[in-house]
>>> print(open('entry.cif').read())   # mmCIF, C-alpha atoms
data_model
#
loop_
_atom_site.group_PDB
_atom_site.id
_atom_site.type_symbol
_atom_site.label_atom_id
_atom_site.label_comp_id
_atom_site.auth_asym_id
_atom_site.auth_seq_id
_atom_site.Cartn_x
_atom_site.Cartn_y
_atom_site.Cartn_z
ATOM 1 C CA MET A 1 -30.056 -23.606 -30.400
ATOM 2 C CA LEU A 2 -31.118 -20.283 -31.819
ATOM 3 C CA LEU A 3 -30.622 -21.451 -35.443
ATOM 4 C CA GLN A 4 -31.891 -24.794 -36.711
ATOM 5 C CA TYR A 5 -33.161 -26.441 -39.895
ATOM 6 C CA ASN A 6 -36.433 -28.217 -40.583
ATOM 7 C CA ARG A 7 -38.413 -29.239 -43.648
ATOM 8 C CA LEU A 8 -39.309 -25.628 -44.317
ATOM 9 C CA GLY A 9 -35.686 -24.515 -44.342
ATOM 10 C CA LEU A 10 -33.715 -22.320 -41.932
ATOM 11 C CA CYS A 11 -35.538 -21.544 -38.673
ATOM 12 C CA ILE A 12 -34.825 -19.280 -35.708
ATOM 13 C CA CYS A 13 -36.241 -20.586 -32.432
ATOM 14 C CA GLY A 14 -38.611 -22.768 -34.464
ATOM 15 C CA VAL A 15 -39.830 -19.837 -36.593
ATOM 16 C CA PRO A 16 -39.260 -20.054 -40.378
ATOM 17 C CA MET A 17 -37.000 -17.372 -41.806
ATOM 18 C CA SER A 18 -39.893 -16.139 -43.927
ATOM 19 C CA ALA A 19 -41.616 -15.164 -40.678
ATOM 20 C CA PHE A 20 -38.503 -13.579 -39.127
ATOM 21 C CA ARG A 21 -36.894 -10.469 -40.627
ATOM 22 C CA PRO A 22 -34.835 -8.610 -38.018
ATOM 23 C CA GLY A 23 -32.815 -6.558 -40.478
ATOM 24 C CA LEU A 24 -29.068 -6.329 -41.012
ATOM 25 C CA LEU A 25 -28.160 -3.641 -38.442
ATOM 26 C CA PRO A 26 -30.069 -5.223 -35.490
ATOM 27 C CA SER A 27 -28.534 -8.602 -36.380
ATOM 28 C CA LEU A 28 -25.024 -7.145 -36.340
ATOM 29 C CA LEU A 29 -25.680 -5.394 -33.014
ATOM 30 C CA VAL A 30 -26.949 -8.612 -31.427
ATOM 31 C CA LEU A 31 -23.987 -10.585 -32.771
ATOM 32 C CA ALA A 32 -21.650 -8.004 -31.220
ATOM 33 C CA LEU A 33 -23.410 -7.378 -27.897
ATOM 34 C CA LEU A 34 -24.903 -10.741 -26.934
ATOM 35 C CA PRO A 35 -21.568 -12.594 -26.495
ATOM 36 C CA LEU A 36 -20.196 -9.578 -24.616
ATOM 37 C CA LEU A 37 -23.102 -9.478 -22.140
ATOM 38 C CA ILE A 38 -22.983 -13.225 -21.563
ATOM 39 C CA GLY A 39 -19.210 -13.071 -21.126
ATOM 40 C CA LEU A 40 -19.526 -10.300 -18.528
ATOM 41 C CA GLY A 41 -22.076 -12.383 -16.646
ATOM 42 C CA PHE A 42 -19.774 -15.402 -16.473
ATOM 43 C CA TRP A 43 -16.855 -13.140 -15.523
ATOM 44 C CA GLN A 44 -18.852 -11.880 -12.524
ATOM 45 C CA LEU A 45 -19.623 -15.483 -11.557
ATOM 46 C CA THR A 46 -15.899 -16.243 -11.678
ATOM 47 C CA ARG A 47 -15.130 -13.206 -9.514
ATOM 48 C CA ALA A 48 -17.765 -14.313 -6.989
ATOM 49 C CA GLU A 49 -16.124 -17.735 -6.732
ATOM 50 C CA GLU A 50 -12.685 -16.148 -6.311
ATOM 51 C CA LYS A 51 -14.001 -13.944 -3.501
ATOM 52 C CA ARG A 52 -15.599 -16.952 -1.762
ATOM 53 C CA GLU A 53 -12.281 -18.796 -1.894
ATOM 54 C CA LEU A 54 -10.459 -15.712 -0.599
ATOM 55 C CA LEU A 55 -12.857 -15.290 2.312
ATOM 56 C CA GLY A 56 -12.606 -18.986 3.126
ATOM 57 C CA ARG A 57 -8.809 -18.839 3.146
ATOM 58 C CA HIS A 58 -8.883 -15.722 5.294
ATOM 59 C CA GLN A 59 -11.218 -17.355 7.814
ATOM 60 C CA ALA A 60 -9.070 -20.479 7.999
ATOM 61 C CA GLN A 61 -5.904 -18.456 8.583
ATOM 62 C CA ARG A 62 -7.576 -16.277 11.203
ATOM 63 C CA LEU A 63 -8.449 -19.379 13.224
ATOM 64 C CA ALA A 64 -4.921 -20.786 13.029
ATOM 65 C CA ALA A 65 -2.346 -20.252 15.752
ATOM 66 C CA PRO A 66 0.165 -17.426 15.111
ATOM 67 C CA ILE A 67 3.658 -18.341 13.934
ATOM 68 C CA GLY A 68 7.028 -16.644 14.165
ATOM 69 C CA ILE A 69 8.522 -14.476 11.440
ATOM 70 C CA ASP A 70 11.252 -17.056 10.762
ATOM 71 C CA GLU A 71 8.592 -19.653 9.989
ATOM 72 C CA LEU A 72 6.616 -17.141 7.921
ATOM 73 C CA GLU A 73 9.530 -16.685 5.516
ATOM 74 C CA ARG A 74 9.243 -20.391 4.618
ATOM 75 C CA HIS A 75 5.452 -20.289 4.262
ATOM 76 C CA PRO A 76 4.243 -20.966 0.676
ATOM 77 C CA ASP A 77 1.309 -18.539 0.928
ATOM 78 C CA PRO A 78 1.787 -15.792 3.538
ATOM 79 C CA ALA A 79 -1.528 -14.000 2.852
ATOM 80 C CA TYR A 80 -3.557 -13.578 6.080
ATOM 81 C CA VAL A 81 -1.158 -15.738 8.126
ATOM 82 C CA ARG A 82 -1.137 -14.734 11.786
ATOM 83 C CA VAL A 83 2.262 -13.925 13.294
ATOM 84 C CA GLN A 84 3.568 -13.483 16.825
ATOM 85 C CA LEU A 85 5.874 -10.516 17.334
ATOM 86 C CA HIS A 86 8.096 -9.326 20.144
ATOM 87 C CA GLY A 87 10.084 -6.132 19.902
ATOM 88 C CA ARG A 88 9.921 -2.350 19.705
ATOM 89 C CA PHE A 89 8.427 0.342 17.496
ATOM 90 C CA ASP A 90 10.550 2.916 15.712
ATOM 91 C CA ALA A 91 8.900 6.113 16.941
ATOM 92 C CA ARG A 92 10.926 8.377 14.630
ATOM 93 C CA HIS A 93 9.645 7.038 11.313
ATOM 94 C CA GLY A 94 6.203 6.213 10.063
ATOM 95 C CA LEU A 95 3.648 6.583 7.306
ATOM 96 C CA LEU A 96 0.116 7.946 7.320
ATOM 97 C CA LEU A 97 -1.857 6.146 4.611
ATOM 98 C CA ASP A 98 -4.351 8.730 3.422
ATOM 99 C CA ASN A 99 -7.892 8.485 2.052
ATOM 100 C CA ARG A 100 -9.036 5.685 4.361
ATOM 101 C CA ILE A 101 -12.770 5.861 5.030
ATOM 102 C CA ARG A 102 -14.570 4.390 8.047
ATOM 103 C CA GLY A 103 -18.277 4.977 8.559
ATOM 104 C CA GLY A 104 -18.258 7.813 6.043
ATOM 105 C CA GLN A 105 -15.459 9.650 7.866
ATOM 106 C CA ALA A 106 -12.069 10.337 6.276
ATOM 107 C CA GLY A 107 -8.948 9.303 8.082
ATOM 108 C CA VAL A 108 -5.537 7.655 7.829
ATOM 109 C CA GLU A 109 -3.965 4.328 8.681
ATOM 110 C CA VAL A 110 -0.846 4.558 10.833
ATOM 111 C CA LEU A 111 2.079 2.395 9.710
ATOM 112 C CA GLN A 112 5.317 2.252 11.696
ATOM 113 C CA PRO A 113 8.493 0.174 11.526
ATOM 114 C CA PHE A 114 8.624 -2.518 14.213
ATOM 115 C CA TYR A 115 11.779 -4.459 15.041
ATOM 116 C CA ASP A 116 11.069 -8.118 15.739
ATOM 117 C CA GLN A 117 13.750 -9.400 18.110
ATOM 118 C CA GLY A 118 13.113 -13.054 17.330
ATOM 119 C CA SER A 119 13.868 -12.801 13.612
ATOM 120 C CA GLY A 120 16.075 -9.702 13.598
ATOM 121 C CA LEU A 121 13.868 -8.191 10.870
ATOM 122 C CA TRP A 122 11.973 -4.946 10.591
ATOM 123 C CA LEU A 123 8.273 -5.080 9.781
ATOM 124 C CA LEU A 124 5.981 -2.350 8.530
ATOM 125 C CA LEU A 125 3.238 -2.668 11.107
ATOM 126 C CA ASN A 126 -0.182 -1.149 10.417
ATOM 127 C CA ARG A 127 -1.605 -0.040 13.751
ATOM 128 C CA GLY A 128 -5.027 0.817 12.333
ATOM 129 C CA TRP A 129 -7.216 3.784 11.482
ATOM 130 C CA LEU A 130 -7.419 7.274 12.966
ATOM 131 C CA PRO A 131 -9.793 10.080 11.871
ATOM 132 C CA TRP A 132 -8.641 13.358 10.397
ATOM 133 C CA PRO A 133 -9.234 16.084 13.019
ATOM 134 C CA ASP A 134 -8.682 18.679 10.287
ATOM 135 C CA ARG A 135 -7.134 18.374 6.819
ATOM 136 C CA ARG A 136 -4.701 21.120 7.779
ATOM 137 C CA ILE A 137 -3.559 19.192 10.879
ATOM 138 C CA ALA A 138 -2.220 15.638 10.691
ATOM 139 C CA PRO A 139 -3.593 13.126 13.217
ATOM 140 C CA THR A 140 -1.374 12.742 16.247
ATOM 141 C CA PHE A 141 -0.670 9.475 18.040
ATOM 142 C CA ALA A 142 1.554 8.060 20.733
ATOM 143 C CA THR A 143 4.094 5.292 20.179
ATOM 144 C CA PRO A 144 4.815 2.772 22.962
ATOM 145 C CA ASP A 145 8.463 2.989 24.023
ATOM 146 C CA THR A 146 8.691 -0.395 25.779
ATOM 147 C CA PRO A 147 9.100 -3.888 24.291
ATOM 148 C CA LEU A 148 5.757 -5.392 23.264
ATOM 149 C CA SER A 149 4.427 -8.836 22.433
ATOM 150 C CA LEU A 150 1.884 -8.418 19.634
ATOM 151 C CA THR A 151 -0.235 -10.566 17.353
ATOM 152 C CA ALA A 152 -0.756 -9.456 13.762
ATOM 153 C CA TRP A 153 -1.517 -10.865 10.319
ATOM 154 C CA VAL A 154 0.123 -10.507 6.937
ATOM 155 C CA TYR A 155 -1.698 -8.397 4.370
ATOM 156 C CA VAL A 156 -1.029 -9.212 0.716
ATOM 157 C CA PRO A 157 -2.931 -6.826 -1.604
ATOM 158 C CA LEU A 158 -4.896 -8.119 -4.570
ATOM 159 C CA GLY A 159 -3.671 -6.936 -7.961
ATOM 160 C CA ALA A 160 -0.851 -4.427 -8.235
ATOM 161 C CA ALA A 161 1.505 -4.063 -5.321
ATOM 162 C CA PHE A 162 1.614 -0.929 -3.204
ATOM 163 C CA ARG A 163 4.086 1.732 -4.289
ATOM 164 C CA LEU A 164 5.539 4.486 -2.188
ATOM 165 C CA GLN A 165 4.158 7.846 -3.265
ATOM 166 C CA GLN A 166 6.707 10.525 -4.045
ATOM 167 C CA GLU A 167 6.871 12.786 -0.993
ATOM 168 C CA ARG A 168 6.972 16.539 -1.274
ATOM 169 C CA PRO A 169 10.390 18.134 -0.644
ATOM 170 C CA GLY A 170 10.995 18.919 2.995
ATOM 171 C CA ASN A 171 8.454 16.427 4.326
ATOM 172 C CA GLY A 172 9.281 15.118 7.747
ATOM 173 C CA TRP A 173 8.004 12.085 9.600
ATOM 174 C CA PRO A 174 5.435 10.676 9.680
ATOM 175 C CA ARG A 175 4.982 11.028 5.919
ATOM 176 C CA LEU A 176 1.559 11.320 4.343
ATOM 177 C CA VAL A 177 1.263 8.849 1.448
ATOM 178 C CA SER A 178 -1.529 7.437 -0.684
ATOM 179 C CA VAL A 179 0.061 4.031 -1.324
ATOM 180 C CA VAL A 180 3.067 2.288 0.193
ATOM 181 C CA GLU A 181 5.568 -0.431 -0.673
ATOM 182 C CA PRO A 182 7.491 -1.768 2.344
ATOM 183 C CA ASP A 183 10.649 -2.616 0.370
ATOM 184 C CA ALA A 184 10.939 1.008 -0.765
ATOM 185 C CA LEU A 185 10.780 2.173 2.849
ATOM 186 C CA TRP A 186 13.470 -0.298 3.974
ATOM 187 C CA GLN A 187 15.687 0.883 1.141
ATOM 188 C CA GLN A 188 15.249 4.496 2.240
ATOM 189 C CA LEU A 189 16.033 3.628 5.856
ATOM 190 C CA GLY A 190 18.858 1.195 5.013
ATOM 191 C CA ARG A 191 17.287 -1.726 6.875
ATOM 192 C CA ALA A 192 16.498 -5.394 6.276
ATOM 193 C CA GLY A 193 12.756 -5.804 6.504
ATOM 194 C CA LEU A 194 9.812 -7.983 5.594
ATOM 195 C CA SER A 195 8.332 -7.263 2.151
ATOM 196 C CA TYR A 196 4.730 -7.381 3.382
ATOM 197 C CA GLU A 197 2.549 -5.028 5.329
ATOM 198 C CA VAL A 198 1.535 -6.572 8.661
ATOM 199 C CA ARG A 199 -1.728 -5.541 10.313
ATOM 200 C CA LEU A 200 -2.242 -5.529 14.051
ATOM 201 C CA GLU A 201 -5.015 -7.434 15.752
ATOM 202 C CA PRO A 202 -6.925 -5.664 18.547
ATOM 203 C CA GLY A 203 -4.680 -5.220 21.549
ATOM 204 C CA PRO A 204 -1.780 -3.106 22.778
ATOM 205 C CA ALA A 205 -0.716 -0.347 20.382
ATOM 206 C CA SER A 206 -3.649 -0.859 17.971
ATOM 207 C CA PHE A 207 -6.134 1.774 16.870
ATOM 208 C CA ARG A 208 -9.258 0.919 14.858
ATOM 209 C CA VAL A 209 -8.434 -2.330 13.027
ATOM 210 C CA ASP A 210 -11.682 -3.362 11.294
ATOM 211 C CA TRP A 211 -10.308 -3.870 7.775
ATOM 212 C CA PRO A 212 -12.634 -5.393 5.174
ATOM 213 C CA VAL A 213 -11.198 -8.522 3.566
ATOM 214 C CA VAL A 214 -12.669 -7.750 0.130
ATOM 215 C CA ALA A 215 -14.028 -4.522 -1.301
ATOM 216 C CA MET A 216 -16.970 -6.292 -2.967
ATOM 217 C CA SER A 217 -18.747 -9.338 -1.533
ATOM 218 C CA PRO A 218 -19.501 -12.501 -3.559
ATOM 219 C CA ASP A 219 -23.223 -11.675 -3.343
ATOM 220 C CA LYS A 220 -22.632 -8.356 -5.128
ATOM 221 C CA HIS A 221 -20.780 -10.137 -7.914
ATOM 222 C CA LEU A 222 -23.695 -12.562 -8.223
ATOM 223 C CA GLY A 223 -26.081 -9.607 -8.404
ATOM 224 C CA TYR A 224 -24.054 -8.061 -11.218
ATOM 225 C CA ALA A 225 -23.974 -11.421 -13.025
ATOM 226 C CA VAL A 226 -27.767 -11.607 -12.873
ATOM 227 C CA GLN A 227 -27.982 -8.087 -14.310
ATOM 228 C CA TRP A 228 -25.701 -8.938 -17.248
ATOM 229 C CA PHE A 229 -27.609 -12.143 -18.010
ATOM 230 C CA ALA A 230 -30.909 -10.252 -17.756
ATOM 231 C CA LEU A 231 -29.632 -7.657 -20.249
ATOM 232 C CA ALA A 232 -28.584 -10.467 -22.586
ATOM 233 C CA ALA A 233 -32.039 -12.064 -22.309
ATOM 234 C CA ALA A 234 -33.743 -8.719 -22.894
ATOM 235 C CA LEU A 235 -31.581 -8.042 -25.947
ATOM 236 C CA LEU A 236 -32.374 -11.463 -27.392
ATOM 237 C CA GLY A 237 -36.076 -11.013 -26.628
ATOM 238 C CA LEU A 238 -36.180 -7.646 -28.380
ATOM 239 C CA PHE A 239 -34.299 -9.081 -31.338
ATOM 240 C CA ILE A 240 -36.854 -11.875 -31.755
ATOM 241 C CA TYR A 241 -39.803 -9.526 -31.198
ATOM 242 C CA PHE A 242 -38.704 -6.978 -33.793
ATOM 243 C CA GLY A 243 -37.775 -9.747 -36.240
ATOM 244 C CA LEU A 244 -41.277 -11.207 -36.033
ATOM 245 C CA HIS A 245 -42.875 -7.759 -36.073
ATOM 246 C CA ASN A 246 -40.949 -6.686 -39.179
ATOM 247 C CA ALA A 247 -41.877 -9.918 -40.938
ATOM 248 C CA ARG A 248 -45.565 -9.362 -40.213
ATOM 249 C CA GLU A 249 -45.311 -5.779 -41.481
ATOM 250 C CA THR A 250 -43.655 -6.994 -44.661
ATOM 251 C CA ARG A 251 -46.371 -9.607 -45.275
ATOM 252 C CA HIS A 252 -49.054 -7.032 -44.537
ATOM 253 C CA GLU A 253 -47.620 -4.600 -47.091
ATOM 254 C CA SER A 254 -47.317 -7.358 -49.677
ATOM 255 C CA SER A 255 -50.930 -8.439 -49.211
ATOM 256 C CA HIS A 256 -52.193 -4.881 -49.797
ATOM 257 C CA ARG A 257 -49.947 -4.150 -52.771
ATOM 258 C CA PRO A 258 -51.960 -3.683 -56.037
ATOM 259 C CA ALA A 259 -51.601 -6.544 -58.514
#
>>> encode(input="entry.cif", output="structure tokens")
Amino acid sequence: MLLQYNRLGLCICGVPMSAFRPGLLPSLLVLALLPLLIGLGFWQLTRAEEKRELLGRHQAQRLAAPIGIDELERHPDPAYVRVQLHGRFDARHGLLLDNRIRGGQAGVEVLQPFYDQGSGLWLLLNRGWLPWPDRRIAPTFATPDTPLSLTAWVYVPLGAAFRLQQERPGNGWPRLVSVVEPDALWQQLGRAGLSYEVRLEPGPASFRVDWPVVAMSPDKHLGYAVQWFALAAALLGLFIYFGLHNARETRHESSHRPA
């Protein structure tokens, strides 16, 4: 412990209080900042563990066989579950999810309604990423007009759910949005649809589909944890150093004070 008692009275790290005088303001700063820095370090460790669990769950689901949409609706945790689809795209409606970056290049993700014949439900199917040819010209793409059998996986965002951005008056289709909520789209179109975004695997109708599972890896969280703990150790080290230094200065002044 930092504070302890011995025969000489109160000690800090084994140093008698008479030899340790940090001052009131530094003591208050350390009392305020040290728990905060240590808490941030442990919070980063917790986030690293959460990301490891998330990646493990994602990997397990990606290796599992795809299931039908009817079975998905009874699944207790739909995140990353692979699904088998058979049906048609709605070529008239779609969303372009803006501000998607791949390899330093700006682009959009193309999301279109897809009618799954097996379940009788609409799905908002993310076909992947396309680059912006020019910010004044929206990316163009073709939509298959024949029935397709596709494999995809359910994307459940971390944190707050997607929300449909308010479109500008007169916008046609596809609509450029920054965030999207599938239920809002189904309400606009008057359709019964799945509440989750579904992302295509490589194959027919897909564009670039290399989505990262997490924005920050567990190793980065561990690195940040080490930084917070290092700052806490440095703060404590400086506190002890200046406390000992001030005590020595005080004794030095006392020894040279005229009697």
>>> closest_residue(input="entry.cif", among="A:Thr140, A:Ser195, A:Thr151, A:Gln117", to="Trp173 in chain A", atoms="all atoms listed in the file")
A:Thr140
>>> residues_around(input="entry.cif", residues="Leu194 in chain A", least_positions_apart="4", cutoff="9 Å", atoms="all atoms listed in the file", output="VMD selection string")
chain A and resid 69 73 121 to 124 182 to 183 186 198
>>> closest_residue(input="entry.cif", among="A:Leu40, A:Leu185, A:Ala48, A:Ala232", to="Pro113 in chain A", atoms="all atoms listed in the file")
A:Leu185
>>> residues_around(input="entry.cif", residues="range 201-215 of chain A", least_positions_apart="6", cutoff="8 Å", atoms="only C-alpha atoms", output="list in words")
Lys51, Leu55, His58, Arg127, Gly128, Trp129, Leu130, Thr143, Pro144, Leu148, Leu150, Thr151, Ala152 and Trp153 of chain A
>>> closest_residue(input="entry.cif", among="A:Gly237, A:Gly223, A:Gly94, A:Gly104", to="Gly41 in chain A", atoms="only C-alpha atoms")
A:Gly223
>>> atom_distance(input="entry.cif", atom1="CA of Ile38 in chain A", atom2="CA of Asp219 in chain A")
18.3 Å
>>> atom_distance(input="entry.cif", atom1="CA of Trp228 in chain A", atom2="CA of Leu31 in chain A")
15.7 Å
>>> resolve_selection(input="entry.cif", expression="the PyMOL selection byres ((chain A and resi 107) around 10)", output="PyMOL selection string")
chain A and resi 96-102+104-106+108-110+129-135+138-139
>>> closest_residue(input="entry.cif", among="A:Leu95, A:Gly39, A:His86, A:Ser27", to="Gly172 in chain A", atoms="all atoms listed in the file")
A:Leu95
>>> atom_distance(input="entry.cif", atom1="CA of Glu50 in chain A", atom2="CA of Leu37 in chain A")
20.1 Å
>>> axis_aligned_box(input="entry.cif", around="range 187-190 of chain A", padding_each_side="8 Å", output="JSON")
{"center_x": 17.1, "center_y": 2.7, "center_z": 3.5, "size_x": 19.6, "size_y": 19.6, "size_z": 20.7}
>>> closest_residue(input="entry.cif", among="A:Ala234, A:Leu111, A:Val226, A:Val154", to="Val180 in chain A", atoms="only C-alpha atoms")
A:Leu111
>>> closest_residue(input="entry.cif", among="A:Leu28, A:Leu125, A:Ala65, A:Ala184", to="Arg88 in chain A", atoms="all atoms listed in the file")
A:Leu125
>>> residues_around(input="entry.cif", residues="Leu236 in chain A", least_positions_apart="3", cutoff="12 Å", atoms="only C-alpha atoms", output="PyMOL selection string")
chain A and resi 2+12-13+22+26-27+29-35+37-38+229-233+239-243
>>> residues_around(input="entry.cif", residues="Gly87 in chain A", least_positions_apart="4", cutoff="9 Å", atoms="only C-alpha atoms", output="list of chain:residue names")
A:Phe114, A:Tyr115, A:Asp116, A:Gln117, A:Gly118, A:Thr146, A:Pro147, A:Leu148, A:Ser149, A:Leu150
>>> resolve_selection(input="entry.cif", expression="the PyMOL selection byres ((chain A and resi 84) around 6)", output="PyMOL selection string")
chain A and resi 66-68+83+85+151
>>> residues_around(input="entry.cif", residues="Gln59 in chain A", least_positions_apart="6", cutoff="12 Å", atoms="all atoms listed in the file", output="list in words")
Arg52, Glu53, Ala79, Tyr80, Val81, Arg82, Trp153 and Val213 of chain A
